[in-house]
Every structure is written in structure tokens, then in C-alpha cells.
file work.cif (mmCIF, C-alpha atoms)
data_work
#
loop_
_atom_site.label_atom_id
_atom_site.label_comp_id
_atom_site.auth_asym_id
_atom_site.auth_seq_id
_atom_site.Cartn_x
_atom_site.Cartn_y
_atom_site.Cartn_z
CA MET A 1 -8.41 -36.31 98.46
CA GLY A 2 -8.44 -36.44 102.23
CA GLY A 3 -5.86 -37.97 104.59
CA ALA A 4 -2.10 -38.16 104.42
CA LEU A 5 -0.46 -38.11 101.04
CA ASN A 6 1.81 -40.88 99.81
CA CYS A 7 5.32 -39.71 98.97
CA VAL A 8 7.11 -40.49 95.72
CA PRO A 9 10.51 -41.96 96.66
CA ALA A 10 13.75 -40.14 95.92
CA GLY A 11 15.98 -41.32 93.11
CA LEU A 12 13.45 -41.69 90.30
CA THR A 13 14.18 -40.06 86.94
CA VAL A 14 11.57 -39.43 84.27
CA SER A 15 11.94 -37.69 80.90
CA VAL A 16 9.33 -36.33 78.52
CA SER A 17 9.47 -34.83 75.03
CA VAL A 18 6.44 -32.83 73.85
CA PRO A 19 5.89 -31.24 70.41
CA ALA A 20 4.79 -27.74 69.52
CA THR A 21 1.24 -27.34 68.27
CA SER A 22 -0.82 -24.98 66.14
CA ALA A 23 -4.44 -24.58 67.20
CA ASN A 24 -7.52 -23.42 65.28
CA LEU A 25 -6.04 -23.81 61.76
CA GLY A 26 -8.45 -21.10 60.67
CA PRO A 27 -12.07 -22.16 61.29
CA GLY A 28 -11.41 -24.88 63.90
CA PHE A 29 -11.56 -22.38 66.75
CA ASP A 30 -10.84 -23.94 70.17
CA SER A 31 -11.33 -27.43 68.77
CA MET A 32 -8.68 -28.36 66.17
CA GLY A 33 -4.95 -28.60 66.53
CA LEU A 34 -1.92 -29.89 64.65
CA ALA A 35 1.33 -31.21 66.18
CA LEU A 36 4.56 -29.77 64.77
CA ASP A 37 8.07 -31.20 64.87
CA LEU A 38 9.62 -28.79 67.37
CA ARG A 39 10.04 -30.24 70.85
CA ASP A 40 10.50 -29.22 74.46
CA GLU A 41 12.36 -31.83 76.52
CA VAL A 42 12.09 -32.08 80.30
CA THR A 43 13.75 -34.44 82.77
CA VAL A 44 12.93 -34.59 86.48
CA THR A 45 14.70 -36.49 89.27
CA THR A 46 13.09 -36.88 92.67
CA GLN A 47 15.20 -36.06 95.72
CA ALA A 48 14.91 -35.90 99.50
CA GLU A 49 14.24 -32.16 99.65
CA GLY A 50 14.31 -28.91 97.66
CA PHE A 51 13.03 -27.89 94.25
CA VAL A 52 15.34 -26.65 91.51
CA ALA A 53 14.60 -25.88 87.84
CA GLU A 54 17.36 -25.48 85.26
CA VAL A 55 16.17 -24.19 81.89
CA SER A 56 18.05 -23.74 78.62
CA GLY A 57 16.70 -22.34 75.37
CA GLU A 58 13.40 -20.46 75.28
CA GLY A 59 12.60 -18.74 78.57
CA ALA A 60 16.06 -19.30 80.08
CA GLY A 61 16.76 -16.65 82.69
CA GLN A 62 13.11 -15.53 82.63
CA VAL A 63 11.16 -18.42 84.14
CA PRO A 64 11.47 -19.33 87.85
CA GLY A 65 14.28 -21.62 88.96
CA ASP A 66 12.53 -22.99 92.05
CA GLY A 67 9.33 -24.80 93.00
CA SER A 68 7.19 -22.07 91.44
CA HIS A 69 8.30 -23.15 87.96
CA LEU A 70 5.13 -23.97 86.01
CA VAL A 71 6.03 -27.60 85.33
CA ILE A 72 7.08 -28.32 88.92
CA ALA A 73 4.03 -26.59 90.43
CA THR A 74 1.66 -28.31 88.01
CA LEU A 75 3.35 -31.69 88.48
CA ARG A 76 2.91 -31.44 92.26
CA ALA A 77 -0.71 -30.32 91.91
CA HIS A 78 -1.47 -33.35 89.74
CA LEU A 79 0.28 -35.69 92.17
CA ARG A 80 -1.74 -34.31 95.08
CA GLU A 81 -4.93 -34.81 93.12
CA ARG A 82 -3.97 -38.48 92.89
CA GLY A 83 -3.09 -38.71 96.59
CA TRP A 84 0.68 -38.32 96.26
CA ASP A 85 3.38 -35.67 96.68
CA VAL A 86 7.12 -35.38 96.28
CA ALA A 87 9.54 -34.00 98.88
CA GLY A 88 12.04 -32.63 96.39
CA LEU A 89 12.76 -32.46 92.69
CA THR A 90 15.32 -31.26 90.19
CA LEU A 91 14.09 -30.31 86.74
CA ALA A 92 16.20 -29.87 83.61
CA ALA A 93 14.39 -28.42 80.60
CA THR A 94 15.51 -27.75 77.06
CA ASN A 95 12.86 -25.45 75.61
CA ARG A 96 12.60 -25.01 71.85
CA ILE A 97 8.98 -23.89 71.53
CA PRO A 98 8.84 -20.06 71.52
CA HIS A 99 6.83 -18.56 74.36
CA GLY A 100 3.79 -16.43 73.64
CA ARG A 101 3.85 -16.98 69.87
CA GLY A 102 0.84 -19.23 69.32
CA LEU A 103 2.77 -22.50 69.08
CA GLY A 104 1.48 -24.20 72.21
CA SER A 105 4.27 -23.55 74.72
CA SER A 106 1.92 -23.48 77.72
CA ALA A 107 0.09 -26.59 76.52
CA ALA A 108 3.45 -28.35 76.19
CA ALA A 109 4.29 -27.34 79.76
CA HIS A 110 0.96 -28.56 81.14
CA ALA A 111 1.15 -31.80 79.15
CA SER A 112 4.74 -32.34 80.32
CA ALA A 113 3.80 -31.82 83.95
CA VAL A 114 0.87 -34.24 83.86
CA LEU A 115 2.85 -36.91 82.00
CA LEU A 116 5.83 -36.58 84.34
CA ALA A 117 3.65 -36.76 87.44
CA ASP A 118 1.81 -39.78 86.10
CA ALA A 119 5.05 -41.57 85.25
CA LEU A 120 6.32 -41.07 88.83
CA LEU A 121 3.35 -43.02 90.18
CA PRO A 122 3.37 -46.80 90.64
CA GLU A 123 2.23 -48.52 87.44
CA GLY A 124 -1.09 -49.58 88.94
CA GLU A 125 -2.03 -46.00 89.78
CA ARG A 126 -1.28 -44.31 86.48
CA GLY A 127 -4.03 -42.69 84.46
CA THR A 128 -5.42 -43.71 81.10
CA ASP A 129 -4.74 -41.64 77.98
CA ALA A 130 -8.24 -40.19 78.26
CA GLU A 131 -7.68 -39.20 81.90
CA LEU A 132 -4.35 -37.55 81.12
CA LEU A 133 -5.91 -35.61 78.23
CA ASP A 134 -8.69 -34.37 80.47
CA ALA A 135 -6.32 -33.42 83.31
CA ALA A 136 -3.92 -31.48 81.07
CA SER A 137 -6.78 -29.80 79.20
CA ARG A 138 -8.39 -28.61 82.43
CA LEU A 139 -5.08 -27.12 83.51
CA GLU A 140 -4.65 -25.42 80.12
CA GLY A 141 -8.29 -24.31 79.99
CA HIS A 142 -9.09 -25.96 76.65
CA PRO A 143 -7.93 -29.04 74.72
CA ASP A 144 -7.09 -27.69 71.26
CA ASN A 145 -3.32 -27.54 71.86
CA VAL A 146 -3.05 -30.22 74.55
CA ALA A 147 -4.63 -32.97 72.43
CA PRO A 148 -2.15 -32.83 69.51
CA ALA A 149 0.74 -32.32 71.95
CA LEU A 150 -0.18 -35.66 73.53
CA ALA A 151 -1.31 -37.65 70.49
CA GLY A 152 0.48 -36.02 67.54
CA GLY A 153 -1.05 -35.43 64.12
CA LEU A 154 -4.35 -33.60 63.71
CA THR A 155 -6.86 -33.70 66.56
CA VAL A 156 -10.45 -32.58 66.94
CA SER A 157 -11.47 -32.03 70.57
CA TRP A 158 -14.65 -31.29 72.46
CA ASP A 159 -16.17 -30.89 75.93
CA ASP A 160 -18.29 -33.97 76.63
CA GLY A 161 -20.41 -32.92 79.60
CA GLY A 162 -17.52 -31.46 81.57
CA ARG A 163 -14.89 -33.95 80.42
CA TYR A 164 -12.56 -33.18 77.54
CA ARG A 165 -12.25 -35.71 74.74
CA SER A 166 -10.34 -35.81 71.47
CA ALA A 167 -10.14 -37.75 68.20
CA PHE A 168 -6.84 -38.31 66.40
CA ILE A 169 -6.76 -37.98 62.59
CA GLN A 170 -3.74 -38.68 60.40
CA PRO A 171 -2.96 -35.70 58.11
CA HIS A 172 -2.25 -36.19 54.41
CA SER A 173 1.47 -36.76 53.74
CA ALA A 174 1.60 -33.83 51.28
CA VAL A 175 0.71 -31.25 53.97
CA ARG A 176 3.81 -29.24 54.87
CA PRO A 177 3.47 -26.51 57.54
CA VAL A 178 5.59 -23.38 57.06
CA VAL A 179 5.71 -20.81 59.87
CA ALA A 180 6.72 -17.19 60.28
CA ILE A 181 7.49 -16.56 63.95
CA PRO A 182 7.80 -12.91 65.00
CA GLU A 183 10.31 -11.56 67.47
CA HIS A 184 7.72 -10.20 69.92
CA PRO A 185 5.23 -12.35 71.85
CA LEU A 186 1.52 -11.81 72.37
CA SER A 187 -0.42 -13.05 75.38
CA THR A 188 -3.38 -15.34 74.76
CA GLU A 189 -5.44 -13.25 77.17
CA THR A 190 -4.88 -10.12 75.09
CA ALA A 191 -5.85 -11.92 71.89
CA ARG A 192 -8.95 -13.47 73.45
CA GLY A 193 -10.02 -10.14 74.90
CA LEU A 194 -10.67 -8.82 71.40
CA LEU A 195 -13.22 -11.48 70.49
CA PRO A 196 -16.93 -10.60 70.51
CA ALA A 197 -19.27 -12.34 72.93
CA GLN A 198 -21.67 -13.18 70.08
CA VAL A 199 -21.59 -13.55 66.30
CA PRO A 200 -24.50 -13.66 63.81
CA HIS A 201 -26.00 -17.07 63.04
CA ARG A 202 -24.95 -16.83 59.38
CA VAL A 203 -21.31 -16.33 60.46
CA ALA A 204 -21.41 -19.37 62.74
CA ALA A 205 -22.99 -21.44 59.95
CA ALA A 206 -20.37 -20.36 57.41
CA ASN A 207 -17.55 -21.11 59.83
CA SER A 208 -18.87 -24.57 60.73
CA GLY A 209 -19.04 -25.46 57.04
CA ARG A 210 -15.42 -24.50 56.54
CA ALA A 211 -14.36 -26.42 59.66
CA GLY A 212 -15.87 -29.57 58.16
CA LEU A 213 -14.13 -28.87 54.88
CA LEU A 214 -10.85 -28.31 56.73
CA VAL A 215 -10.82 -31.86 58.11
CA HIS A 216 -11.41 -33.25 54.62
CA ALA A 217 -8.74 -30.99 53.12
CA VAL A 218 -6.04 -31.80 55.71
CA THR A 219 -6.63 -35.54 55.56
CA GLN A 220 -7.95 -36.37 52.07
CA ASP A 221 -7.71 -33.54 49.54
CA PRO A 222 -5.07 -30.87 50.30
CA SER A 223 -6.06 -28.98 47.12
CA LEU A 224 -8.99 -27.65 49.19
CA LEU A 225 -6.84 -26.21 51.99
CA LEU A 226 -7.28 -22.60 50.86
CA PRO A 227 -11.09 -22.57 51.20
CA GLY A 228 -10.88 -25.02 54.10
CA THR A 229 -8.83 -22.60 56.21
CA ARG A 230 -11.19 -19.61 55.76
CA ASP A 231 -12.22 -18.23 59.14
CA TRP A 232 -14.79 -15.69 60.32
CA LEU A 233 -14.71 -16.22 64.10
CA HIS A 234 -11.42 -14.92 65.43
CA GLN A 235 -8.55 -13.86 63.15
CA ASP A 236 -9.78 -10.48 61.87
CA TYR A 237 -11.07 -9.52 65.33
CA ARG A 238 -7.54 -9.93 66.65
CA GLU A 239 -5.97 -7.61 64.08
CA PRO A 240 -5.52 -4.66 66.52
CA ALA A 241 -3.22 -6.82 68.65
CA MET A 242 -1.17 -8.18 65.72
CA PRO A 243 -1.68 -6.09 62.57
CA GLU A 244 1.44 -7.43 60.84
CA SER A 245 0.35 -11.03 61.33
CA VAL A 246 -3.19 -10.52 60.03
CA ALA A 247 -1.90 -8.47 57.08
CA LEU A 248 0.54 -11.28 56.28
CA VAL A 249 -2.28 -13.85 56.38
CA HIS A 250 -4.35 -11.81 53.93
CA ALA A 251 -1.38 -11.22 51.60
CA LEU A 252 -0.45 -14.89 51.52
CA ARG A 253 -4.03 -15.99 50.94
CA ASP A 254 -4.27 -13.53 48.04
CA GLN A 255 -1.39 -15.51 46.52
CA GLY A 256 -3.32 -18.76 46.86
CA LEU A 257 -1.57 -20.00 50.01
CA ALA A 258 -3.56 -21.50 52.90
CA ALA A 259 -2.34 -19.07 55.55
CA VAL A 260 -3.74 -18.81 59.09
CA VAL A 261 -2.88 -17.26 62.41
CA SER A 262 -1.36 -20.01 64.53
CA GLY A 263 -3.38 -20.35 67.73
CA ALA A 264 -3.83 -16.97 69.36
CA GLY A 265 -0.91 -15.61 67.32
CA PRO A 266 1.16 -13.82 66.40
CA THR A 267 2.86 -16.64 64.44
CA VAL A 268 1.52 -17.14 60.92
CA MET A 269 1.36 -20.62 59.40
CA VAL A 270 0.85 -21.78 55.83
CA LEU A 271 -0.39 -25.32 55.23
CA ALA A 272 1.58 -25.83 52.05
CA VAL A 273 1.02 -28.75 49.68
CA GLY A 274 4.17 -30.49 48.48
CA PRO A 275 7.77 -29.23 48.30
CA GLU A 276 7.18 -26.69 45.52
CA GLN A 277 4.47 -24.81 47.42
CA GLU A 278 6.52 -25.17 50.58
CA GLN A 279 9.34 -23.22 48.92
CA SER A 280 6.88 -20.68 47.47
CA ALA A 281 5.42 -20.06 50.93
CA GLN A 282 8.85 -19.42 52.44
CA ALA A 283 9.78 -17.02 49.66
CA ALA A 284 6.46 -15.17 49.90
CA MET A 285 6.79 -14.81 53.67
CA ARG A 286 10.33 -13.48 53.48
CA ASP A 287 9.45 -11.08 50.69
CA ARG A 288 6.45 -9.68 52.55
CA LEU A 289 8.37 -9.36 55.85
CA ALA A 290 11.54 -7.85 54.39
CA ASP A 291 10.59 -4.34 55.52
CA SER A 292 8.97 -5.37 58.80
CA GLY A 293 9.69 -3.42 61.94
CA GLN A 294 10.68 -6.62 63.77
CA SER A 295 12.62 -9.74 62.88
CA TRP A 296 10.74 -12.87 61.88
CA ARG A 297 11.98 -16.46 61.71
CA VAL A 298 10.64 -18.32 58.69
CA SER A 299 11.01 -22.08 58.86
CA ILE A 300 9.48 -25.43 57.97
CA LEU A 301 7.96 -27.36 60.87
CA PRO A 302 6.85 -30.77 59.60
CA VAL A 303 3.78 -32.43 61.04
CA ASP A 304 4.66 -34.48 64.12
CA SER A 305 2.76 -37.78 64.02
CA VAL A 306 4.15 -39.22 67.26
CA GLY A 307 3.07 -36.83 70.01
CA ALA A 308 4.50 -36.85 73.52
CA LYS A 309 7.16 -39.40 74.41
CA VAL A 310 7.88 -40.51 77.99
CA ARG A 311 10.86 -42.40 79.39
CA VAL A 312 10.81 -43.76 82.93
CA HIS A 313 14.14 -44.73 84.52
CA ARG A 314 13.82 -47.18 87.39
CA SER A 315 16.91 -48.65 89.00
CA GLY A 316 18.91 -47.43 86.04
CA GLN A 317 16.70 -49.21 83.52
CA PRO A 318 14.75 -46.85 81.23
CA THR A 319 11.43 -47.92 79.74
CA SER A 320 9.49 -46.10 77.06
CA GLY A 321 5.84 -45.06 77.13
#

call {"tool": "encode", "arguments": {"input": "work.cif", "output": "C-alpha cells"}}
result
Amino acid sequence: MGGALNCVPAGLTVSVSVPATSANLGPGFDSMGLALDLRDEVTVTTQAEGFVAEVSGEGAGQVPGDGSHLVIATLRAHLRERGWDVAGLTLAATNRIPHGRGLGSSAAAHASAVLLADALLPEGERGTDAELLDAASRLEGHPDNVAPALAGGLTVSWDDGGRYRSAFIQPHSAVRPVVAIPEHPLSTETARGLLPAQVPHRVAAANSGRAGLLVHAVTQDPSLLLPGTRDWLHQDYREPAMPESVALVHALRDQGLAAVVSGAGPTVMVLAVGPEQEQSAQAAMRDRLADSGQSWRVSILPVDSVGAKVRVHRSGQPTSG
């Protein structure tokens, strides 16, 4: 936008809480995602000058503590796109989503930045849910993690002529995600670099059939999750970058568990059905990883059906959104 930018006044405080996400879920490559109950929380307060970021939890001591922090830089970029800027800002973040593990940490950061920026605007200038989804997805590069981070539950997303859109679907109550999170991260760029530029038509056809089945299995008939999570497009191609993760997926699936690589990896997730299979999945993961060369954290991350939560404090009076 041309011309002088409007300035957000000092003294405004906005908070956002955004869940972790698992993209792909096997065959839903770059289109499906599931929100998980593990949240990053960020609060920003506008001030007259200076940019400071204080981070605890994941990434503490590693991410920038000034205006180059991803959330601050992205927040300001979104404000400028809307014709606004901010002279100064303090950010306090409690990060719980592991970085570089395939659980949507960057999507949570981009979603947080867009939501925070939007909440700092006057009410009449804030974006719609569809506009915020599109803005955060463009920043992230794709919507598969951003959509469930914003909406919660299961989402199916697509590019509609250059604008990202998404549909929310409520997962079946029996679906219980169990994750094995490795000690060492893996960059999304490294994982994507292993994917072929083309696949045979029969592979694409087989994968699309399983993606359709996956939606039915997650929402209506969880007994079909094992065949519904079968993938041919990305997981095995990524094995050189995360051999332990792919081997774990195959071992768990051989035991009848609907295991997948979470996002670009290296976290492995099982979509368990009911408490008994939930316990079986945890035991199978721990047994398989007992002699691993790195430590893994095995835990239950329930489906998050709420999505991002925003609180705007104006004149000491918080409102929810």
C-alpha cells in the first residue's frame, strides 16, 4: 500500500494460543492436517519504541531476542500490508511445540503473528477468518498446518486460484493421537528435497483413493485408519533423512497400528482407536525405540478441537476472539 502508514498506539496487549499440528496424515500430502493439544502461547504489548522478544521453553536462547524474531517480523509485515505499523513491541512467548520435528512449529508462529497483528488493528479493519487463513498460509508456503492451527480438528485445504481455502471436519471421538518425538530435528527443506518431481499415474491414483478413505476413517469409521493412512507419495522417499522414523512407521504398521510420519518428520504419530490401542501404541513405540541411538519422547497428544484462541486487552478489559 502506498502513502504513510498508520501507527498502532502504544499500550495495547494481545495474547494468542495456537496448537501444534500434524500434516499429511499419510496420504493427505500438503492438504490435510490435524490439530493437537500442545500449545504455544504468545503475548505482545505495543510500546513507544524498541523491539524485544523473551522466549521460554522450546527455542529459548536460540531464537532472536529482537525485532528479527519470526513472530515480530511477520507481525510487522502483516500490519504493513494492511497499511499499519508499530513503533515498538515487547513479546513474551512460552513455546511448547518442538522445533523442526514435524509438529507445525513454524505454522504456529506464522498463525500467531497474523492473529496478533490483526487483533492490534481497529475492529473495523480486521480480516475475516478466510483472509487470515490465506495470509498465514502464504507466509508458511502451504496451508496444511496453518488451517488446523487456526480452526482446530481435522482440516482439508486447497489452493483456489491463488487463494488458500480450507474445510473443517470434526474427527471421531475415538481417535487418539500418540506421538514419538525424537531428540534431533529435521528441516522441512531437507525432507522436501528428497521428493521426486513426478510419480507414475497409478501411484497418484492409489494415493488419492487412500486420501478419500482417510477422511472417512478419521471422521466416521476409525476401524479403517490403517488402510486409510497408507501413503505412496512422500514417506518412503524421505527415509534417507530419517531412517529411524520410517523404520518405526513400518514396524508399527506391521503390528496393525495406523502409524505415519508427522508432517515432514521426524516425529512419528499413531492414530490410535480408543484407550486400549492408545496404550498398545505407546508400549510398541517404547519397545521399538529402546535401543535407539537418540532419546525419544513418547506421549499422547489429544485432538485439539478449538484451534487458535485470541485475547485482546483494551484499557485493561480483555475480550476473547

call {"tool": "resolve_selection", "arguments": {"input": "work.cif", "expression": "the PyMOL selection byres ((chain A and resi 54) around 7)", "output": "ChimeraX atom specification"}}
result
/A:52-53,55-56,65,91-93

call {"tool": "residues_around", "arguments": {"input": "work.cif", "residues": "Trp232 of chain A", "least_positions_apart": "2", "cutoff": "8 Å", "atoms": "only C-alpha atoms", "output": "ChimeraX atom specification"}}
result
/A:27,203-204,206-207,230,234-236

call {"tool": "resolve_selection", "arguments": {"input": "work.cif", "expression": "the PyMOL selection byres ((chain A and resi 239) around 12)", "output": "PyMOL selection string"}}
result
chain A and resi 186+190-195+234-238+240-250+261+264-266

call {"tool": "residues_around", "arguments": {"input": "work.cif", "residues": "Arg76 of chain A", "least_positions_apart": "3", "cutoff": "9 Å", "atoms": "only C-alpha atoms", "output": "mmCIF file with C-alpha atoms, keeping the file's coordinate frame"}}
result
data_model
loop_
_atom_site.group_PDB
_atom_site.id
_atom_site.type_symbol
_atom_site.label_atom_id
_atom_site.label_comp_id
_atom_site.auth_asym_id
_atom_site.auth_seq_id
_atom_site.Cartn_x
_atom_site.Cartn_y
_atom_site.Cartn_z
ATOM 1 C CA VAL A 71 6.030 -27.600 85.330
ATOM 2 C CA ILE A 72 7.080 -28.320 88.920
ATOM 3 C CA ALA A 73 4.030 -26.590 90.430
ATOM 4 C CA LEU A 79 0.280 -35.690 92.170
ATOM 5 C CA ARG A 80 -1.740 -34.310 95.080
ATOM 6 C CA GLU A 81 -4.930 -34.810 93.120
ATOM 7 C CA TRP A 84 0.680 -38.320 96.260
ATOM 8 C CA ASP A 85 3.380 -35.670 96.680
ATOM 9 C CA VAL A 86 7.120 -35.380 96.280
ATOM 10 C CA ALA A 113 3.800 -31.820 83.950
ATOM 11 C CA ALA A 117 3.650 -36.760 87.440
#

call {"tool": "resolve_selection", "arguments": {"input": "work.cif", "expression": "the PyMOL selection byres ((chain A and resi 11) around 12)", "output": "list in words"}}
result
Val8, Pro9, Ala10, Leu12, Thr13, Val14, Val44, Thr45, Thr46, Gln47, Ala48, Glu49, Val86, Ala87, Gly88, Leu89, Thr90, Leu120, Val312, His313, Arg314, Ser315 and Gly316 of chain A

call {"tool": "residues_around", "arguments": {"input": "work.cif", "residues": "Ala217 of chain A", "least_positions_apart": "2", "cutoff": "9 Å", "atoms": "all atoms listed in the file", "output": "list in words"}}
result
Pro171, His172, Gly212, Leu213, Leu214, Val215, Thr219, Gln220, Asp221, Pro222, Ser223, Leu224, Leu225, Leu226, Pro227, Gly228 and Thr229 of chain A

call {"tool": "atom_distance", "arguments": {"input": "work.cif", "atom1": "atom CA of Asp66 of chain A", "atom2": "atom CA of Phe51 of chain A"}}
result
5.4 Å

call {"tool": "atom_distance", "arguments": {"input": "work.cif", "atom1": "atom CA of Met32 of chain A", "atom2": "atom CA of Glu183 of chain A"}}
result
25.4 Å

call {"tool": "residues_around", "arguments": {"input": "work.cif", "residues": "Arg138 of chain A", "least_positions_apart": "6", "cutoff": "12 Å", "atoms": "only C-alpha atoms", "output": "ChimeraX atom specification"}}
result
/A:74,78,107,110-111,114,131-132,144-147,159,162-165

call {"tool": "residues_around", "arguments": {"input": "work.cif", "residues": "Leu271 of chain A", "least_positions_apart": "3", "cutoff": "8 Å", "atoms": "only C-alpha atoms", "output": "PyMOL selection string"}}
result
chain A and resi 175-178+225+257-259

call {"tool": "closest_residue", "arguments": {"input": "work.cif", "among": "A:Arg82, A:Gly100, A:Thr128, A:Asp287", "to": "His184 of chain A", "atoms": "all atoms listed in the file"}}
result
A:Gly100

call {"tool": "closest_residue", "arguments": {"input": "work.cif", "among": "A:Val268, A:Val16, A:Val306, A:Leu25", "to": "Ala211 of chain A", "atoms": "all atoms listed in the file"}}
result
A:Leu25

call {"tool": "closest_residue", "arguments": {"input": "work.cif", "among": "A:Pro302, A:Gly141, A:Gly28, A:Pro64", "to": "Leu233 of chain A", "atoms": "all atoms listed in the file"}}
result
A:Gly28

call {"tool": "atom_distance", "arguments": {"input": "work.cif", "atom1": "atom CA of Ser157 of chain A", "atom2": "atom CA of Val260 of chain A"}}
result
19.1 Å

call {"tool": "closest_residue", "arguments": {"input": "work.cif", "among": "A:Ser305, A:Gln62, A:Ser262, A:Gln198", "to": "Asp37 of chain A", "atoms": "all atoms listed in the file"}}
result
A:Ser305

call {"tool": "residues_near_point", "arguments": {"input": "work.cif", "point": "(8.9, -12.7, 59.7)", "cutoff": "9 Å", "atoms": "all atoms listed in the file", "output": "list in words"}}
result
Val179, Ala180, Ile181, Pro182, Glu183, Ser245, Thr267, Val268, Met285, Arg286, Arg288, Leu289, Ala290, Ser292, Gln294, Ser295, Trp296, Arg297 and Val298 of chain A

call {"tool": "closest_residue", "arguments": {"input": "work.cif", "among": "A:Ala205, A:Ile169, A:Val310, A:Ala23", "to": "Arg101 of chain A", "atoms": "only C-alpha atoms"}}
result
A:Ala23

call {"tool": "residues_near_point", "arguments": {"input": "work.cif", "point": "(-12.6, -41.6, 68.3)", "cutoff": "12 Å", "atoms": "all atoms listed in the file", "output": "JSON, numbers by chain"}}
result
{"A": [130, 155, 156, 157, 158, 165, 166, 167, 168, 169]}

call {"tool": "closest_residue", "arguments": {"input": "work.cif", "among": "A:Ala151, A:Gly33, A:Leu75, A:Thr188", "to": "Ser112 of chain A", "atoms": "all atoms listed in the file"}}
result
A:Leu75

call {"tool": "decode", "arguments": {"input": "work.cif", "residues": "segment 272-279 of chain A", "atoms": "all heavy atoms", "output": "mmCIF file, in the first residue's frame"}}
result
data_model
loop_
_atom_site.group_PDB
_atom_site.id
_atom_site.type_symbol
_atom_site.label_atom_id
_atom_site.label_comp_id
_atom_site.auth_asym_id
_atom_site.auth_seq_id
_atom_site.Cartn_x
_atom_site.Cartn_y
_atom_site.Cartn_z
ATOM 1 N N ALA A 272 -4.388 -43.838 17.066
ATOM 2 C CA ALA A 272 -4.932 -44.975 17.806
ATOM 3 C C ALA A 272 -6.449 -44.838 17.930
ATOM 4 O O ALA A 272 -7.009 -43.746 17.811
ATOM 5 C CB ALA A 272 -4.293 -45.062 19.180
ATOM 6 N N VAL A 273 -7.098 -45.976 18.184
ATOM 7 C CA VAL A 273 -8.551 -46.004 18.330
ATOM 8 C C VAL A 273 -8.882 -46.504 19.732
ATOM 9 O O VAL A 273 -8.693 -47.680 20.037
ATOM 10 C CB VAL A 273 -9.209 -46.914 17.271
ATOM 11 C CG1 VAL A 273 -10.728 -46.863 17.411
ATOM 12 C CG2 VAL A 273 -8.784 -46.498 15.872
ATOM 13 N N GLY A 274 -9.345 -45.607 20.583
ATOM 14 C CA GLY A 274 -9.734 -45.987 21.929
ATOM 15 C C GLY A 274 -8.550 -46.118 22.877
ATOM 16 O O GLY A 274 -7.389 -46.185 22.461
ATOM 17 N N PRO A 275 -8.820 -46.166 24.179
ATOM 18 C CA PRO A 275 -7.755 -46.194 25.185
ATOM 19 C C PRO A 275 -6.874 -47.437 25.138
ATOM 20 O O PRO A 275 -5.679 -47.367 25.410
ATOM 21 C CB PRO A 275 -8.519 -46.099 26.513
ATOM 22 C CG PRO A 275 -9.918 -46.497 26.195
ATOM 23 C CD PRO A 275 -10.160 -46.095 24.787
ATOM 24 N N GLU A 276 -7.446 -48.593 24.784
ATOM 25 C CA GLU A 276 -6.638 -49.821 24.753
ATOM 26 C C GLU A 276 -5.568 -49.743 23.664
ATOM 27 O O GLU A 276 -4.397 -50.054 23.908
ATOM 28 C CB GLU A 276 -7.542 -51.031 24.532
ATOM 29 C CG GLU A 276 -6.785 -52.363 24.602
ATOM 30 C CD GLU A 276 -7.713 -53.558 24.496
ATOM 31 O OE1 GLU A 276 -8.925 -53.412 24.749
ATOM 32 O OE2 GLU A 276 -7.207 -54.645 24.163
ATOM 33 N N GLN A 277 -5.947 -49.318 22.461
ATOM 34 C CA GLN A 277 -4.960 -49.205 21.395
ATOM 35 C C GLN A 277 -3.986 -48.050 21.653
ATOM 36 O O GLN A 277 -2.822 -48.118 21.258
ATOM 37 C CB GLN A 277 -5.645 -49.015 20.042
ATOM 38 C CG GLN A 277 -4.685 -49.231 18.869
ATOM 39 C CD GLN A 277 -5.369 -49.173 17.539
ATOM 40 O OE1 GLN A 277 -5.631 -48.087 17.029
ATOM 41 N NE2 GLN A 277 -5.668 -50.350 16.972
ATOM 42 N N GLU A 278 -4.467 -47.038 22.333
ATOM 43 C CA GLU A 278 -3.601 -45.935 22.734
ATOM 44 C C GLU A 278 -2.450 -46.445 23.601
ATOM 45 O O GLU A 278 -1.273 -46.107 23.390
ATOM 46 C CB GLU A 278 -4.445 -44.921 23.495
ATOM 47 C CG GLU A 278 -3.732 -43.688 23.997
ATOM 48 C CD GLU A 278 -4.705 -42.831 24.803
ATOM 49 O OE1 GLU A 278 -5.068 -43.232 25.933
ATOM 50 O OE2 GLU A 278 -5.102 -41.773 24.295
ATOM 51 N N GLN A 279 -2.769 -47.290 24.565
ATOM 52 C CA GLN A 279 -1.740 -47.861 25.434
ATOM 53 C C GLN A 279 -0.833 -48.815 24.652
ATOM 54 O O GLN A 279 0.387 -48.838 24.862
ATOM 55 C CB GLN A 279 -2.405 -48.595 26.607
ATOM 56 C CG GLN A 279 -3.224 -47.703 27.524
ATOM 57 C CD GLN A 279 -2.413 -46.580 28.129
ATOM 58 O OE1 GLN A 279 -1.283 -46.778 28.574
ATOM 59 N NE2 GLN A 279 -2.991 -45.384 28.149
#
